[in-house]
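J.: Please see the structure below; I have some questions.
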Amino acid sequence: MTESIKHFFNLLFDNSKSWTFRTAAGISIIGFLILTDITLSFTYNIYINNKIDQLEKIQTLKKDYKYDSLKLKKIVFLENKILNKEHYTEFLSRNLSNISFKSSIKDQNVNQSTTDTITTTKPIQSLFWMVFSSNYLLVLISPFLILLPVYNRESRTGAGILGWFASLVMIVAIVTLITWISYQIPLIWHNPIWNYILNFLIHTLLLILIVKLNKKN
């Protein structure tokens with residue numbers, strides 16, 4: 001394990017390697033570690049064990065200071081803070097669960113005085129259109145990037161594979177972040193189409209800005 005970590009740092013800080021190669025290697029390794037951690041729950045188990053230990057200590061402190069209202073108040077505050085603290089996988093799961101593939105949902109309100117059911121429809125954003133409208137360029141180039149090792153011989157080399165995998169990780173991260181940000185925009189005029197249009201315009205303006213900045217450099 002120690003040798004692997006040492007080799008990792010040597011690879012990142014080896015000046016004989018190009019900056020692009022080192023960046024790709026770093027992103028690839030970090031992406032691999034995150035995927036492994038999510039799959040095997042290494043840090044999540046550590047997080048849960050630490051949380052349980054902290055809560056057990058909090059319970060002991062609450063008994064010791066049950067007659068001291070000021071300290072007890074602070075202890076309860078710490079307890080709530082620990083309970084509300086989230087692991088990064090919980091944070092991602094909670095936010096992604098709020099994203100729906102459906103274009104609308106139905107709320108059923110039952111009148112207490114009658115057995116009639118009143119059904120109302122509330123439009124919500126479609127995940128597909130939210131992703132596409134706010135990341136359309138990245139979405140369009142993704143299939144070509146995924147198949148890059150198939151039609152590009154250089155991409156099948158060691159450095160090429162690292163760069164390819166790093167690019168995939170970066171695109172997934174960027175698309176996820178931008179989509180999450182786009183979901184923070186409230187529903188415009190109760191019609192998700194306006195949100196798609198706004199996402200499209202923002203993405204287009206950002207692309208134009210990036211192109212102009214590159215031309216200046």
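Lettering and numbering for the structure tokens are positional, with chains as A, B, ... in the shown order, residues counted from 1 in each chain, and ligands counted from 1 in the shown order.
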Pick out each residue of segment 117-201 of chain A that DSSP on the backbone tags as alpha helix (DSSP H); I need them as a PyMOL selection string.

T.: chain A and resi 127-146+148-151+158-183+192-201

J.: Excluding Ile171 of chain A and residues on its chain fewer than 2 positions from it, collect all residues at most 10 Å away from it, counting only C-alpha atoms, and give them as a PDB file with N, CA and C atoms, in the first residue's frame.

T.:
ATOM      1  N   ASN A 135     -26.065  21.169 -21.217  1.00  0.00           N
ATOM      2  CA  ASN A 135     -24.753  20.591 -21.557  1.00  0.00           C
ATOM      3  C   ASN A 135     -24.737  20.037 -22.981  1.00  0.00           C
ATOM      4  N   LEU A 138     -21.367  19.029 -24.656  1.00  0.00           N
ATOM      5  CA  LEU A 138     -20.719  17.888 -24.011  1.00  0.00           C
ATOM      6  C   LEU A 138     -21.478  16.595 -24.291  1.00  0.00           C
ATOM      7  N   VAL A 139     -22.799  16.682 -24.315  1.00  0.00           N
ATOM      8  CA  VAL A 139     -23.613  15.495 -24.606  1.00  0.00           C
ATOM      9  C   VAL A 139     -23.364  15.014 -26.030  1.00  0.00           C
ATOM     10  N   ILE A 141     -20.667  15.427 -27.914  1.00  0.00           N
ATOM     11  CA  ILE A 141     -19.326  14.877 -28.154  1.00  0.00           C
ATOM     12  C   ILE A 141     -19.059  13.621 -27.328  1.00  0.00           C
ATOM     13  N   SER A 142     -19.925  13.343 -26.347  1.00  0.00           N
ATOM     14  CA  SER A 142     -19.699  12.181 -25.474  1.00  0.00           C
ATOM     15  C   SER A 142     -19.623  10.855 -26.233  1.00  0.00           C
ATOM     16  N   LEU A 145     -16.277  10.543 -27.801  1.00  0.00           N
ATOM     17  CA  LEU A 145     -15.227  10.360 -26.799  1.00  0.00           C
ATOM     18  C   LEU A 145     -15.245   8.938 -26.247  1.00  0.00           C
ATOM     19  N   PHE A 165      -9.738   8.079 -20.120  1.00  0.00           N
ATOM     20  CA  PHE A 165     -10.505   7.862 -18.895  1.00  0.00           C
ATOM     21  C   PHE A 165     -10.645   9.164 -18.101  1.00  0.00           C
ATOM     22  N   ALA A 166      -9.555   9.945 -18.058  1.00  0.00           N
ATOM     23  CA  ALA A 166      -9.607  11.225 -17.343  1.00  0.00           C
ATOM     24  C   ALA A 166     -10.621  12.166 -17.985  1.00  0.00           C
ATOM     25  N   SER A 167     -10.682  12.151 -19.309  1.00  0.00           N
ATOM     26  CA  SER A 167     -11.646  13.004 -20.014  1.00  0.00           C
ATOM     27  C   SER A 167     -13.078  12.593 -19.692  1.00  0.00           C
ATOM     28  N   LEU A 168     -13.321  11.282 -19.639  1.00  0.00           N
ATOM     29  CA  LEU A 168     -14.663  10.798 -19.292  1.00  0.00           C
ATOM     30  C   LEU A 168     -15.054  11.230 -17.884  1.00  0.00           C
ATOM     31  N   VAL A 169     -14.110  11.090 -16.955  1.00  0.00           N
ATOM     32  CA  VAL A 169     -14.385  11.482 -15.565  1.00  0.00           C
ATOM     33  C   VAL A 169     -14.701  12.971 -15.484  1.00  0.00           C
ATOM     34  N   ALA A 173     -18.266  14.669 -14.412  1.00  0.00           N
ATOM     35  CA  ALA A 173     -18.282  15.592 -13.272  1.00  0.00           C
ATOM     36  C   ALA A 173     -18.847  16.952 -13.673  1.00  0.00           C
ATOM     37  N   ILE A 174     -18.425  17.457 -14.831  1.00  0.00           N
ATOM     38  CA  ILE A 174     -18.891  18.771 -15.290  1.00  0.00           C
ATOM     39  C   ILE A 174     -20.385  18.737 -15.597  1.00  0.00           C
ATOM     40  N   VAL A 175     -20.824  17.691 -16.305  1.00  0.00           N
ATOM     41  CA  VAL A 175     -22.249  17.570 -16.647  1.00  0.00           C
ATOM     42  C   VAL A 175     -23.099  17.459 -15.381  1.00  0.00           C
ATOM     43  N   THR A 176     -22.628  16.668 -14.429  1.00  0.00           N
ATOM     44  CA  THR A 176     -23.373  16.513 -13.172  1.00  0.00           C
ATOM     45  C   THR A 176     -23.474  17.832 -12.426  1.00  0.00           C
ATOM     46  N   LEU A 177     -22.356  18.554 -12.346  1.00  0.00           N
ATOM     47  CA  LEU A 177     -22.348  19.831 -11.635  1.00  0.00           C
ATOM     48  C   LEU A 177     -23.252  20.855 -12.312  1.00  0.00           C
TER      49      LEU A 177
END

J.: From a DSSP pass on the backbone, collect the residues of segment 52-206 of chain A flagged as strand (DSSP E or B) and hand them back as JSON, numbers by chain.

T.: {"A": [104, 105, 106, 107, 108, 109, 110, 117, 118, 119, 120, 121, 122, 123]}

J.: Please produce a file of the residues just selected, as a PDB file, in the first residue's frame, where the atoms kept are N, CA and C atoms.

T.:
ATOM      1  N   SER A 104     -43.986  15.242 -15.598  1.00  0.00           N
ATOM      2  CA  SER A 104     -45.001  15.792 -14.705  1.00  0.00           C
ATOM      3  C   SER A 104     -45.342  14.783 -13.637  1.00  0.00           C
ATOM      4  N   ILE A 105     -45.869  15.280 -12.530  1.00  0.00           N
ATOM      5  CA  ILE A 105     -46.313  14.411 -11.451  1.00  0.00           C
ATOM      6  C   ILE A 105     -47.722  14.799 -11.071  1.00  0.00           C
ATOM      7  N   LYS A 106     -48.402  13.873 -10.435  1.00  0.00           N
ATOM      8  CA  LYS A 106     -49.775  14.137 -10.042  1.00  0.00           C
ATOM      9  C   LYS A 106     -49.898  14.087  -8.533  1.00  0.00           C
ATOM     10  N   ASP A 107     -50.502  15.116  -7.988  1.00  0.00           N
ATOM     11  CA  ASP A 107     -50.790  15.167  -6.563  1.00  0.00           C
ATOM     12  C   ASP A 107     -52.273  14.907  -6.371  1.00  0.00           C
ATOM     13  N   GLN A 108     -52.573  13.973  -5.483  1.00  0.00           N
ATOM     14  CA  GLN A 108     -53.963  13.656  -5.216  1.00  0.00           C
ATOM     15  C   GLN A 108     -54.359  14.241  -3.869  1.00  0.00           C
ATOM     16  N   ASN A 109     -55.387  15.091  -3.885  1.00  0.00           N
ATOM     17  CA  ASN A 109     -55.902  15.697  -2.672  1.00  0.00           C
ATOM     18  C   ASN A 109     -57.311  15.167  -2.430  1.00  0.00           C
ATOM     19  N   VAL A 110     -57.495  14.508  -1.320  1.00  0.00           N
ATOM     20  CA  VAL A 110     -58.785  13.906  -1.018  1.00  0.00           C
ATOM     21  C   VAL A 110     -59.573  14.845  -0.117  1.00  0.00           C
ATOM     22  N   THR A 117     -61.850  12.321  -5.321  1.00  0.00           N
ATOM     23  CA  THR A 117     -60.426  12.604  -5.359  1.00  0.00           C
ATOM     24  C   THR A 117     -60.149  13.663  -6.410  1.00  0.00           C
ATOM     25  N   ILE A 118     -59.497  14.736  -5.987  1.00  0.00           N
ATOM     26  CA  ILE A 118     -59.162  15.816  -6.910  1.00  0.00           C
ATOM     27  C   ILE A 118     -57.708  15.643  -7.324  1.00  0.00           C
ATOM     28  N   THR A 119     -57.477  15.507  -8.599  1.00  0.00           N
ATOM     29  CA  THR A 119     -56.132  15.284  -9.113  1.00  0.00           C
ATOM     30  C   THR A 119     -55.628  16.539  -9.809  1.00  0.00           C
ATOM     31  N   THR A 120     -54.475  17.008  -9.371  1.00  0.00           N
ATOM     32  CA  THR A 120     -53.861  18.173  -9.998  1.00  0.00           C
ATOM     33  C   THR A 120     -52.496  17.780 -10.544  1.00  0.00           C
ATOM     34  N   THR A 121     -52.118  18.406 -11.630  1.00  0.00           N
ATOM     35  CA  THR A 121     -50.845  18.090 -12.272  1.00  0.00           C
ATOM     36  C   THR A 121     -49.877  19.253 -12.124  1.00  0.00           C
ATOM     37  N   LYS A 122     -48.699  18.953 -11.608  1.00  0.00           N
ATOM     38  CA  LYS A 122     -47.657  19.966 -11.460  1.00  0.00           C
ATOM     39  C   LYS A 122     -46.502  19.624 -12.395  1.00  0.00           C
ATOM     40  N   PRO A 123     -46.188  20.486 -13.333  1.00  0.00           N
ATOM     41  CA  PRO A 123     -45.087  20.188 -14.253  1.00  0.00           C
ATOM     42  C   PRO A 123     -43.741  20.272 -13.549  1.00  0.00           C
TER      43      PRO A 123
END

J.: Take atom CA of Tyr47 of chain A and atom CA of Phe91 of chain A and report the distance between them in Å, one decimal.

T.: 13.3 Å

J.: Between A:Lys212, A:Glu154, A:Ile30, A:His87, which one has atoms that come closest to Asn50 of chain A, using only C-alpha atoms?

T.: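 Among the listed residues, A:His87 lies closest to Asn50 of chain A.
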
J.: Between A:Ser41, A:Asn80, A:Thr157, A:Gln125, which is the closest to His190 of chain A once you count only C-alpha atoms?

T.: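 For His190 of chain A, the nearest of the candidates is A:Gln125.
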